[in-house]
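Okay, input.tsv is below, TSV, C-alpha atoms and all ligand atoms:
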chain	number	residue	atom	x	y	z
J	1000	MET	CA	85.29	49.12	138.01
J	1001	ILE	CA	85.69	45.56	136.78
J	1002	THR	CA	84.22	43.25	139.34
J	1003	SER	CA	85.66	40.06	137.92
J	1004	SER	CA	88.88	38.68	139.34
J	1005	HIS	CA	90.93	40.65	136.81
J	1006	GLN	CA	92.78	43.90	137.18
J	1007	LYS	CA	90.54	46.81	138.10
J	1008	SER	CA	89.70	49.03	135.17
J	1009	ASP	CA	87.33	51.89	134.83
J	1010	ILE	CA	87.15	51.59	131.04
J	1011	ILE	CA	86.83	48.43	128.94
J	1012	VAL	CA	87.79	48.71	125.29
J	1013	ILE	CA	86.15	45.94	123.26
J	1014	GLY	CA	88.58	45.27	120.41
J	1015	GLY	CA	92.35	44.82	120.37
J	1016	GLY	CA	93.06	46.08	116.87
J	1017	ILE	CA	94.70	49.33	115.87
J	1018	ILE	CA	91.70	51.43	116.90
J	1019	GLY	CA	91.14	49.66	120.21
J	1020	LEU	CA	94.80	49.86	121.21
J	1021	SER	CA	95.20	53.47	120.07
J	1022	VAL	CA	92.10	54.54	121.98
J	1023	ALA	CA	93.20	52.57	125.07
J	1024	ILE	CA	96.61	54.29	125.05
J	1025	ALA	CA	95.04	57.75	124.66
J	1026	LEU	CA	92.65	57.03	127.55
J	1027	GLN	CA	95.42	55.77	129.79
J	1028	TRP	CA	97.53	58.82	128.90
J	1029	ARG	CA	94.63	60.94	130.18
J	1030	GLY	CA	94.60	59.11	133.51
J	1031	ALA	CA	92.01	56.39	132.97
J	1032	THR	CA	92.59	52.76	133.87
J	1033	VAL	CA	91.90	50.63	130.83
J	1034	THR	CA	91.50	46.98	129.93
J	1035	VAL	CA	91.36	45.85	126.29
J	1036	CYS	CA	89.25	42.75	125.61
J	1037	SER	CA	89.74	41.15	122.23
J	1038	ARG	CA	88.16	38.16	120.52
J	1039	ASN	CA	91.29	37.39	118.51
J	1040	THR	CA	93.94	40.08	118.24
J	1041	GLN	CA	95.64	38.29	115.33
J	1042	GLU	CA	92.61	38.82	113.07
J	1043	ALA	CA	92.59	42.58	113.57
J	1044	ALA	CA	92.63	44.69	110.41
J	1045	GLY	CA	95.74	46.38	111.80
J	1046	TYR	CA	97.64	43.19	110.91
J	1047	VAL	CA	96.19	43.07	107.42
J	1048	ALA	CA	96.30	46.53	105.88
J	1049	ALA	CA	99.20	47.85	103.80
J	1050	GLY	CA	99.56	50.90	106.03
J	1051	MET	CA	99.06	53.63	103.47
J	1052	LEU	CA	98.44	57.08	104.91
J	1053	ALA	CA	96.61	58.20	101.83
J	1054	PRO	CA	93.79	60.70	102.24
J	1055	GLN	CA	94.78	62.30	98.96
J	1056	ALA	CA	95.73	59.20	96.96
J	1057	GLU	CA	92.45	57.58	98.05
J	1058	ARG	CA	90.74	60.68	96.48
J	1059	ILE	CA	88.55	61.27	99.51
J	1060	PRO	CA	86.38	64.16	98.27
J	1061	PRO	CA	86.24	67.41	100.26
J	1062	SER	CA	84.10	66.35	103.22
J	1063	PRO	CA	84.20	65.85	106.99
J	1064	LEU	CA	85.96	62.51	106.30
J	1065	LEU	CA	88.72	64.32	104.40
J	1066	ASP	CA	89.06	66.84	107.26
J	1067	LEU	CA	89.33	63.96	109.73
J	1068	ALA	CA	91.82	62.12	107.52
J	1069	LEU	CA	94.05	65.16	106.95
J	1070	ARG	CA	94.08	65.90	110.67
J	1071	SER	CA	95.03	62.32	111.37
J	1072	ARG	CA	97.78	62.32	108.74
J	1073	SER	CA	99.28	65.39	110.38
J	1074	LEU	CA	99.20	63.64	113.78
J	1075	TYR	CA	101.10	60.63	112.49
J	1076	GLN	CA	104.61	61.94	112.96
J	1077	PRO	CA	104.17	63.17	116.57
J	1078	TRP	CA	101.99	60.20	117.52
J	1079	THR	CA	104.42	57.55	116.25
J	1080	ARG	CA	107.29	59.53	117.82
J	1081	GLN	CA	105.53	59.35	121.21
J	1082	ILE	CA	104.96	55.61	120.84
J	1083	GLN	CA	108.57	55.14	119.80
J	1084	ASP	CA	109.89	57.24	122.68
J	1085	LEU	CA	107.85	55.17	125.10
J	1086	THR	CA	108.77	51.75	123.73
J	1087	GLY	CA	112.08	52.27	121.95
J	1088	LEU	CA	110.47	50.48	118.98
J	1089	ASP	CA	110.31	51.71	115.42
J	1090	THR	CA	106.78	51.99	113.99
J	1091	GLY	CA	107.88	52.13	110.37
J	1092	TYR	CA	106.30	55.55	109.81
J	1093	TRP	CA	107.67	56.83	106.50
J	1094	PRO	CA	106.39	60.05	104.94
J	1095	CYS	CA	107.57	58.87	101.53
J	1096	GLY	CA	104.77	60.40	99.44
J	1097	ILE	CA	102.42	58.53	97.12
J	1098	LEU	CA	102.59	58.47	93.35
J	1099	ALA	CA	99.37	57.66	91.50
J	1100	PRO	CA	100.15	56.88	87.85
J	1101	VAL	CA	97.31	56.71	85.29
J	1102	TYR	CA	96.92	54.94	81.96
J	1103	GLN	CA	94.52	57.48	80.45
J	1104	TYR	CA	95.04	61.19	80.34
J	1105	PRO	CA	92.62	62.78	82.87
J	1106	HIS	CA	90.05	65.42	81.90
J	1107	GLN	CA	91.85	67.88	84.09
J	1108	THR	CA	95.26	68.04	85.65
J	1109	GLN	CA	94.13	69.95	88.74
J	1110	LEU	CA	92.89	68.40	91.97
J	1111	PRO	CA	91.65	70.17	95.10
J	1112	GLN	CA	94.76	71.08	97.09
J	1113	THR	CA	96.10	73.42	99.75
J	1114	PRO	CA	99.66	74.62	100.39
J	1115	GLU	CA	99.89	71.95	103.15
J	1116	SER	CA	98.47	69.23	100.92
J	1117	PRO	CA	99.67	69.74	97.36
J	1118	ALA	CA	98.51	67.46	94.53
J	1119	ILE	CA	101.00	67.72	91.69
J	1120	TRP	CA	100.36	66.47	88.17
J	1121	LEU	CA	103.43	64.90	86.54
J	1122	GLU	CA	103.65	64.27	82.81
J	1123	ALA	CA	104.88	60.82	81.76
J	1124	ASP	CA	108.54	61.83	81.41
J	1125	GLN	CA	108.56	63.52	84.85
J	1126	LEU	CA	106.82	60.50	86.33
J	1127	ILE	CA	109.35	58.03	84.95
J	1128	THR	CA	112.18	60.26	86.17
J	1129	GLN	CA	110.67	60.26	89.65
J	1130	GLN	CA	110.03	56.51	89.60
J	1131	PRO	CA	112.15	54.63	87.06
J	1132	GLY	CA	110.84	51.20	86.07
J	1133	LEU	CA	107.18	52.16	85.59
J	1134	THR	CA	105.53	50.76	82.49
J	1135	SER	CA	105.63	52.96	79.38
J	1136	GLU	CA	101.80	52.61	79.33
J	1137	VAL	CA	101.53	55.38	81.94
J	1138	VAL	CA	100.60	58.78	80.50
J	1139	GLY	CA	101.26	60.74	83.69
J	1140	GLY	CA	100.27	60.69	87.31
J	1141	TRP	CA	99.56	62.51	90.54
J	1142	TRP	CA	102.20	63.10	93.15
J	1143	PHE	CA	100.94	63.50	96.71
J	1144	PRO	CA	104.08	64.38	98.68
J	1145	GLN	CA	102.31	64.58	102.07
J	1146	ASP	CA	100.83	61.08	101.89
J	1147	GLY	CA	102.94	58.25	103.25
J	1148	GLN	CA	102.89	54.92	105.02
J	1149	VAL	CA	103.46	53.09	108.27
J	1150	ASP	CA	104.52	49.47	108.72
J	1151	ASN	CA	101.38	48.47	110.59
J	1152	ARG	CA	101.62	44.71	110.13
J	1153	ARG	CA	105.14	44.14	111.41
J	1154	LEU	CA	105.93	47.23	113.49
J	1155	LEU	CA	103.12	49.58	114.49
J	1156	MET	CA	100.87	46.91	116.00
J	1157	ARG	CA	103.80	45.49	117.97
J	1158	SER	CA	104.69	49.00	119.19
J	1159	LEU	CA	101.11	49.67	120.28
J	1160	ILE	CA	101.00	46.41	122.24
J	1161	HIS	CA	104.31	47.24	123.95
J	1162	ALA	CA	103.16	50.80	124.67
J	1163	SER	CA	99.92	49.45	126.17
J	1164	GLN	CA	101.81	47.04	128.39
J	1165	GLN	CA	104.25	49.72	129.52
J	1166	LEU	CA	101.38	52.02	130.42
J	1167	GLY	CA	99.72	49.28	132.49
J	1168	ILE	CA	96.85	48.54	130.11
J	1169	GLN	CA	95.76	44.95	130.47
J	1170	ILE	CA	95.16	43.19	127.14
J	1171	ARG	CA	92.95	40.12	127.37
J	1172	ASP	CA	92.87	38.02	124.20
J	1173	GLY	CA	90.29	35.31	123.50
J	1174	VAL	CA	87.44	37.22	125.15
J	1175	GLU	CA	84.29	36.81	123.06
J	1176	VAL	CA	81.40	39.10	123.85
J	1177	GLN	CA	78.26	36.98	123.94
J	1178	GLU	CA	75.78	39.57	125.13
J	1179	ILE	CA	75.67	43.17	126.23
J	1180	ALA	CA	73.30	43.49	129.17
J	1181	THR	CA	71.62	46.90	129.24
J	1182	THR	CA	69.07	48.99	131.07
J	1183	THR	CA	67.21	51.63	129.03
J	1184	ASN	CA	70.17	53.96	128.77
J	1185	LYS	CA	73.18	52.14	130.26
J	1186	ILE	CA	75.33	49.09	129.72
J	1187	LYS	CA	75.06	46.99	132.89
J	1188	GLN	CA	77.74	44.46	132.00
J	1189	ILE	CA	79.15	42.51	129.10
J	1190	ASN	CA	78.72	38.75	129.23
J	1191	THR	CA	81.62	36.93	127.64
J	1192	ASN	CA	82.96	33.41	127.22
J	1193	GLN	CA	85.19	34.28	130.19
J	1194	GLY	CA	82.39	35.51	132.45
J	1195	ALA	CA	80.70	38.83	133.10
J	1196	ILE	CA	82.76	42.00	132.91
J	1197	VAL	CA	81.65	45.26	134.47
J	1198	ALA	CA	83.19	48.70	134.05
J	1199	SER	CA	82.09	52.27	134.41
J	1200	HIS	CA	82.55	52.95	130.69
J	1201	TYR	CA	82.86	50.84	127.53
J	1202	ILE	CA	84.32	51.58	124.10
J	1203	LEU	CA	83.25	49.48	121.13
J	1204	ALA	CA	86.20	49.19	118.74
J	1205	ALA	CA	85.68	45.68	117.42
J	1206	GLY	CA	86.23	46.48	113.75
J	1207	ALA	CA	84.39	44.25	111.27
J	1208	TRP	CA	82.90	42.26	114.18
J	1209	SER	CA	81.22	45.31	115.77
J	1210	GLY	CA	77.88	44.53	114.11
J	1211	GLN	CA	77.85	41.14	115.84
J	1212	ILE	CA	78.12	42.80	119.23
J	1213	LEU	CA	75.62	45.64	118.86
J	1214	PRO	CA	72.89	46.29	116.26
J	1215	ILE	CA	74.92	48.80	114.26
J	1216	PRO	CA	75.49	48.44	110.49
J	1217	VAL	CA	79.14	47.42	110.35
J	1218	TYR	CA	80.03	44.53	108.06
J	1219	PRO	CA	83.23	42.98	106.66
J	1220	ILE	CA	84.75	43.76	103.26
J	1221	LYS	CA	87.47	41.23	102.57
J	1222	GLY	CA	90.86	42.28	101.27
J	1223	GLN	CA	93.37	39.79	99.85
J	1224	MET	CA	97.01	40.85	99.86
J	1225	LEU	CA	100.51	39.55	99.27
J	1226	SER	CA	104.09	40.63	99.63
J	1227	LEU	CA	107.20	40.35	97.49
J	1228	ARG	CA	110.82	40.99	98.37
J	1229	VAL	CA	113.42	42.94	96.42
J	1230	PRO	CA	115.95	40.29	95.26
J	1231	SER	CA	119.17	40.35	97.27
J	1232	ASP	CA	121.30	41.11	94.18
J	1233	ILE	CA	119.55	44.51	93.76
J	1234	SER	CA	121.48	46.77	96.09
J	1235	GLN	CA	119.33	49.94	95.92
J	1236	LEU	CA	115.61	49.92	96.70
J	1237	PRO	CA	113.95	50.20	93.28
J	1238	LEU	CA	110.74	51.78	94.61
J	1239	LYS	CA	111.13	55.18	96.21
J	1240	GLN	CA	107.51	55.80	97.25
J	1241	VAL	CA	104.12	54.12	97.39
J	1242	LEU	CA	102.50	53.51	93.99
J	1243	PHE	CA	98.73	53.83	93.93
J	1244	GLY	CA	97.53	52.45	90.62
J	1245	SER	CA	94.30	51.30	89.10
J	1246	GLY	CA	93.00	48.46	91.29
J	1247	ILE	CA	96.40	48.03	92.94
J	1248	TYR	CA	98.70	49.64	95.43
J	1249	ILE	CA	102.35	48.81	95.79
J	1250	VAL	CA	103.84	49.72	99.14
J	1251	PRO	CA	107.63	49.37	99.43
J	1252	ARG	CA	109.08	49.11	102.92
J	1253	ARG	CA	112.54	50.39	103.70
J	1254	ASP	CA	113.93	46.88	104.22
J	1255	GLY	CA	112.99	45.64	100.74
J	1256	LEU	CA	109.58	44.12	101.49
J	1257	ILE	CA	106.91	45.17	99.00
J	1258	VAL	CA	103.23	44.88	99.98
J	1259	LEU	CA	100.59	44.53	97.25
J	1260	GLY	CA	96.91	45.13	97.89
J	1261	ALA	CA	94.07	44.71	97.89
J	1262	THR	CA	90.85	43.18	96.72
J	1263	ALA	CA	87.56	44.53	98.09
J	1264	GLU	CA	85.01	41.72	98.37
J	1265	ASN	CA	81.62	41.68	100.05
J	1266	VAL	CA	81.63	37.97	100.94
J	1267	GLY	CA	81.08	37.95	104.69
J	1268	PHE	CA	83.73	36.48	106.97
J	1269	HIS	CA	85.15	34.11	104.35
J	1270	LYS	CA	88.90	34.45	104.63
J	1271	SER	CA	90.04	32.30	101.74
J	1272	LEU	CA	92.56	33.51	99.24
J	1273	THR	CA	91.38	32.95	95.67
J	1274	PRO	CA	93.17	32.55	92.33
J	1275	LYS	CA	91.00	35.38	90.95
J	1276	GLY	CA	91.89	37.76	93.77
J	1277	ILE	CA	95.61	37.08	93.80
J	1278	ASN	CA	95.78	36.95	90.00
J	1279	THR	CA	94.18	40.41	89.76
J	1280	LEU	CA	96.68	41.87	92.22
J	1281	LEU	CA	99.65	40.32	90.45
J	1282	SER	CA	98.48	41.34	86.97
J	1283	GLU	CA	97.83	44.95	87.98
J	1284	ALA	CA	101.10	45.18	89.92
J	1285	THR	CA	103.26	43.77	87.12
J	1286	ARG	CA	101.43	45.87	84.54
J	1287	LEU	CA	102.32	49.02	86.48
J	1288	TYR	CA	105.84	48.02	87.43
J	1289	PRO	CA	106.90	45.15	85.16
J	1290	GLY	CA	110.12	44.39	87.06
J	1291	LEU	CA	108.06	42.99	89.95
J	1292	ALA	CA	107.34	39.89	87.84
J	1293	GLU	CA	110.74	38.49	88.79
J	1294	PHE	CA	110.67	39.36	92.50
J	1295	PRO	CA	110.24	36.48	94.95
J	1296	ILE	CA	106.84	36.16	96.63
J	1297	GLU	CA	107.04	36.23	100.42
J	1298	GLU	CA	103.55	35.86	101.88
J	1299	PHE	CA	99.80	35.90	101.13
J	1300	TRP	CA	97.08	36.94	103.58
J	1301	SER	CA	93.59	38.35	103.87
J	1302	GLY	CA	91.40	40.15	106.36
J	1303	PHE	CA	88.34	42.28	106.83
J	1304	ARG	CA	87.75	46.01	106.59
J	1305	PRO	CA	84.99	47.22	108.93
J	1306	THR	CA	82.56	48.92	106.56
J	1307	THR	CA	79.31	50.85	107.02
J	1308	PRO	CA	76.58	51.59	104.45
J	1309	ASP	CA	78.00	55.08	103.74
J	1310	GLU	CA	81.62	53.90	104.19
J	1311	LEU	CA	82.15	56.43	106.98
J	1312	PRO	CA	83.23	55.49	110.49
J	1313	ILE	CA	80.90	55.49	113.48
J	1314	LEU	CA	82.48	57.64	116.19
J	1315	GLY	CA	81.32	59.08	119.46
J	1316	ARG	CA	78.31	58.73	121.71
J	1317	SER	CA	75.87	55.82	121.53
J	1318	PRO	CA	72.30	55.26	122.78
J	1319	PHE	CA	73.91	54.17	126.07
J	1320	GLU	CA	75.50	56.87	128.20
J	1321	ASN	CA	78.41	54.66	129.24
J	1322	LEU	CA	79.22	53.31	125.76
J	1323	THR	CA	81.28	55.14	123.14
J	1324	LEU	CA	81.69	53.95	119.54
J	1325	ALA	CA	84.92	53.87	117.53
J	1326	THR	CA	84.41	51.56	114.58
J	1327	GLY	CA	83.57	51.26	110.87
J	1328	HIS	CA	86.78	52.82	109.54
J	1329	HIS	CA	86.48	50.94	106.21
J	1330	ARG	CA	89.60	51.65	104.08
J	1331	ASN	CA	91.12	54.16	106.46
J	1332	GLY	CA	91.61	52.54	109.86
J	1333	ILE	CA	95.39	52.82	109.92
J	1334	LEU	CA	95.26	56.44	108.78
J	1335	LEU	CA	92.49	57.40	111.20
J	1336	ALA	CA	93.92	55.73	114.32
J	1337	PRO	CA	95.60	58.79	115.90
J	1338	ILE	CA	92.68	61.18	115.37
J	1339	THR	CA	90.16	58.56	116.50
J	1340	ALA	CA	92.18	57.98	119.66
J	1341	GLU	CA	92.43	61.70	120.40
J	1342	LEU	CA	88.79	62.57	119.77
J	1343	ILE	CA	87.38	59.53	121.57
J	1344	ALA	CA	89.66	59.93	124.59
J	1345	ASP	CA	88.83	63.65	124.85
J	1346	LEU	CA	85.13	62.84	124.65
J	1347	VAL	CA	85.26	60.09	127.27
J	1348	CYS	CA	87.71	61.70	129.71
J	1349	TYR	CA	86.88	65.41	129.36
J	1350	ASP	CA	83.38	65.36	127.82
J	1351	LYS	CA	84.92	67.41	125.01
J	1352	SER	CA	83.11	66.70	121.75
J	1353	ASP	CA	84.99	67.80	118.65
J	1354	PRO	CA	82.57	69.33	116.10
J	1355	LEU	CA	83.69	66.77	113.49
J	1356	LEU	CA	82.22	63.93	115.54
J	1357	GLU	CA	78.67	64.94	114.70
J	1358	TYR	CA	79.19	63.78	111.08
J	1359	PHE	CA	80.06	60.27	112.23
J	1360	CYS	CA	77.32	59.67	114.80
J	1361	TRP	CA	75.63	56.26	115.00
J	1362	ASP	CA	72.07	57.60	114.59
J	1363	ARG	CA	72.58	58.71	110.99
J	1364	PHE	CA	71.42	55.17	110.09
J	1365	SER	CA	68.37	55.12	112.31
J	1366	SER	CA	65.80	57.00	110.14
J	1401	LIG	N1	93.37	51.36	102.58
J	1401	LIG	C1	93.33	50.58	101.43
J	1401	LIG	C2	92.42	49.44	101.47
J	1401	LIG	O1	91.58	49.33	102.34
J	1401	LIG	O2	92.53	48.61	100.59
Hey, can you dump this file as structure tokens for me?
Ligand code: GLY
Amino acid sequence: MITSSHQKSDIIVIGGGIIGLSVAIALQWRGATVTVCSRNTQEAAGYVAAGMLAPQAERIPPSPLLDLALRSRSLYQPWTRQIQDLTGLDTGYWPCGILAPVYQYPHQTQLPQTPESPAIWLEADQLITQQPGLTSEVVGGWWFPQDGQVDNRRLLMRSLIHASQQLGIQIRDGVEVQEIATTTNKIKQINTNQGAIVASHYILAAGAWSGQILPIPVYPIKGQMLSLRVPSDISQLPLKQVLFGSGIYIVPRRDGLIVLGATAENVGFHKSLTPKGINTLLSEATRLYPGLAEFPIEEFWSGFRPTTPDELPILGRSPFENLTLATGHHRNGILLAPITAELIADLVCYDKSDPLLEYFCWDRFSS
């Protein structure tokens, strides 16, 4: 239990981003009492990402990560439905499919696929029929009909915060962890800028900042992004699905916003937008879909992916029996939120360890 003056909680989630909130909700749904402590919720990667649900378009090779990602993609519809039923708020989940056009004919026009996850090669004429307005430079492309998107930045994060509040989860913003006090195998308390906090169990879900809290190899990879808006004199949405190009993705929302992303820069926690970064995004986007050159720009932003040396998340048990890890999701935090929440909450509440978790354990870096 928390022994500070705040609401009693038996679990503290460190991190108020998409992973922290999703895990907190799953824990509370299983009967736990949860408090989320966040350094600065506004800097969470959940407010930065474009929201692609793209295990196939990201070309994750057959691996435990792909298994995790496909499971999470299939949870998205029921999970967002549950959040929406609870809050009455739309999450912007849209299983619109992802089209991945290419400028050079590939060596082969077959990708690993299953009946549930087809990967369909389209020749240039089929591609342009499916998505008019693409540059004539494209020679064909992949169609991933099961991939999709969610409007994380404007809708999903807001829904998760409302869901948390409705479930009685306390969210404390501005709580900076200064030290984790431990015995040999347990966390005793976390010392923060707002005093000591004690609980019976802790979850570390602090995204790119996780490596500042515990000695685990999680570091930031900056992404710069921007958005455009379909001009008001265009009555029909010109983009029918996400476009995943070379060095660019173009994510059209249903209300006419178009998100462009993202750079991937290993520059520490330096947030600045740069002419080089934004110029690259704009050049690649207008090369792929030239009509975008005339669309009004709405907003620029940047943020930090939480990355590990092998670019896989760190999930599950830790060296401390009352600390569980849910961090390091790199490019796939939005996609992996529902499966992370389910597996971590099952582990913490029921001691049920999904076999997939063993591939993402923290001690793979310790040799
Ligand atoms: N998920 C895409 C990215 O991290 O840029």
- Kindly indicate which residue among J:Ala1056, J:Ile1343, J:Ala1049, J:Leu1322 lies nearest to ligand LIG 1401 (chain J), using all atoms listed in the file for the distances.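 Using all atoms listed in the file, ligand LIG 1401 (chain J) sits closest to J:Ala1049.
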- Item | Cut-off 7 Å, all atoms listed in the file, neighbours of ligand LIG 1401 (chain J) as a PyMOL selection string | chain J and resi 1048-1049+1051+1222+1260-1263+1304+1329-1331
For Pro1144 (chain J): contacts at 10 Å, only C-alpha atoms, fewer than 3 positions along chain excluded, given as a short mmCIF file (atom, residue, chain, number, x, y, z; two decimals) with C-alpha atoms, in the frame of the given file:
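File written: selection-v4.cif
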data_model
loop_
_atom_site.label_atom_id
_atom_site.label_comp_id
_atom_site.auth_asym_id
_atom_site.auth_seq_id
_atom_site.Cartn_x
_atom_site.Cartn_y
_atom_site.Cartn_z
CA GLN J 1055 94.78 62.30 98.96
CA ALA J 1056 95.73 59.20 96.96
CA PRO J 1094 106.39 60.05 104.94
CA CYS J 1095 107.57 58.87 101.53
CA GLY J 1096 104.77 60.40 99.44
CA ILE J 1097 102.42 58.53 97.12
CA LEU J 1098 102.59 58.47 93.35
CA GLU J 1115 99.89 71.95 103.15
CA SER J 1116 98.47 69.23 100.92
CA PRO J 1117 99.67 69.74 97.36
CA ALA J 1118 98.51 67.46 94.53
CA ILE J 1119 101.00 67.72 91.69
CA TRP J 1141 99.56 62.51 90.54
CA GLY J 1147 102.94 58.25 103.25
CA GLN J 1240 107.51 55.80 97.25
#
Please provide the set of residues having any atom within 12 Å of Val1176 (chain J), restricted to only C-alpha atoms, with same-chain residues fewer than 3 positions apart removed, written as a PDB file with C-alpha atoms, in the frame of the given file.
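The resulting file, around_14.pdb, is reproduced below:
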ATOM      1  CA  ILE J1011      86.830  48.430 128.940  1.00  0.00           C
ATOM      2  CA  VAL J1012      87.790  48.710 125.290  1.00  0.00           C
ATOM      3  CA  ILE J1013      86.150  45.940 123.260  1.00  0.00           C
ATOM      4  CA  GLY J1014      88.580  45.270 120.410  1.00  0.00           C
ATOM      5  CA  CYS J1036      89.250  42.750 125.610  1.00  0.00           C
ATOM      6  CA  SER J1037      89.740  41.150 122.230  1.00  0.00           C
ATOM      7  CA  ARG J1038      88.160  38.160 120.520  1.00  0.00           C
ATOM      8  CA  ASN J1039      91.290  37.390 118.510  1.00  0.00           C
ATOM      9  CA  ASP J1172      92.870  38.020 124.200  1.00  0.00           C
ATOM     10  CA  GLY J1173      90.290  35.310 123.500  1.00  0.00           C
ATOM     11  CA  ILE J1179      75.670  43.170 126.230  1.00  0.00           C
ATOM     12  CA  ALA J1180      73.300  43.490 129.170  1.00  0.00           C
ATOM     13  CA  GLN J1188      77.740  44.460 132.000  1.00  0.00           C
ATOM     14  CA  ILE J1189      79.150  42.510 129.100  1.00  0.00           C
ATOM     15  CA  ASN J1190      78.720  38.750 129.230  1.00  0.00           C
ATOM     16  CA  THR J1191      81.620  36.930 127.640  1.00  0.00           C
ATOM     17  CA  ASN J1192      82.960  33.410 127.220  1.00  0.00           C
ATOM     18  CA  GLN J1193      85.190  34.280 130.190  1.00  0.00           C
ATOM     19  CA  GLY J1194      82.390  35.510 132.450  1.00  0.00           C
ATOM     20  CA  ALA J1195      80.700  38.830 133.100  1.00  0.00           C
ATOM     21  CA  ILE J1196      82.760  42.000 132.910  1.00  0.00           C
ATOM     22  CA  LEU J1203      83.250  49.480 121.130  1.00  0.00           C
ATOM     23  CA  ALA J1205      85.680  45.680 117.420  1.00  0.00           C
ATOM     24  CA  TRP J1208      82.900  42.260 114.180  1.00  0.00           C
ATOM     25  CA  SER J1209      81.220  45.310 115.770  1.00  0.00           C
ATOM     26  CA  GLY J1210      77.880  44.530 114.110  1.00  0.00           C
ATOM     27  CA  GLN J1211      77.850  41.140 115.840  1.00  0.00           C
ATOM     28  CA  ILE J1212      78.120  42.800 119.230  1.00  0.00           C
ATOM     29  CA  LEU J1213      75.620  45.640 118.860  1.00  0.00           C
TER      30      LEU J1213
END
- Distance in Å - CA of Phe1294 (chain J) versus CA of Arg1228 (chain J):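 So the answer is 6.1 Å.
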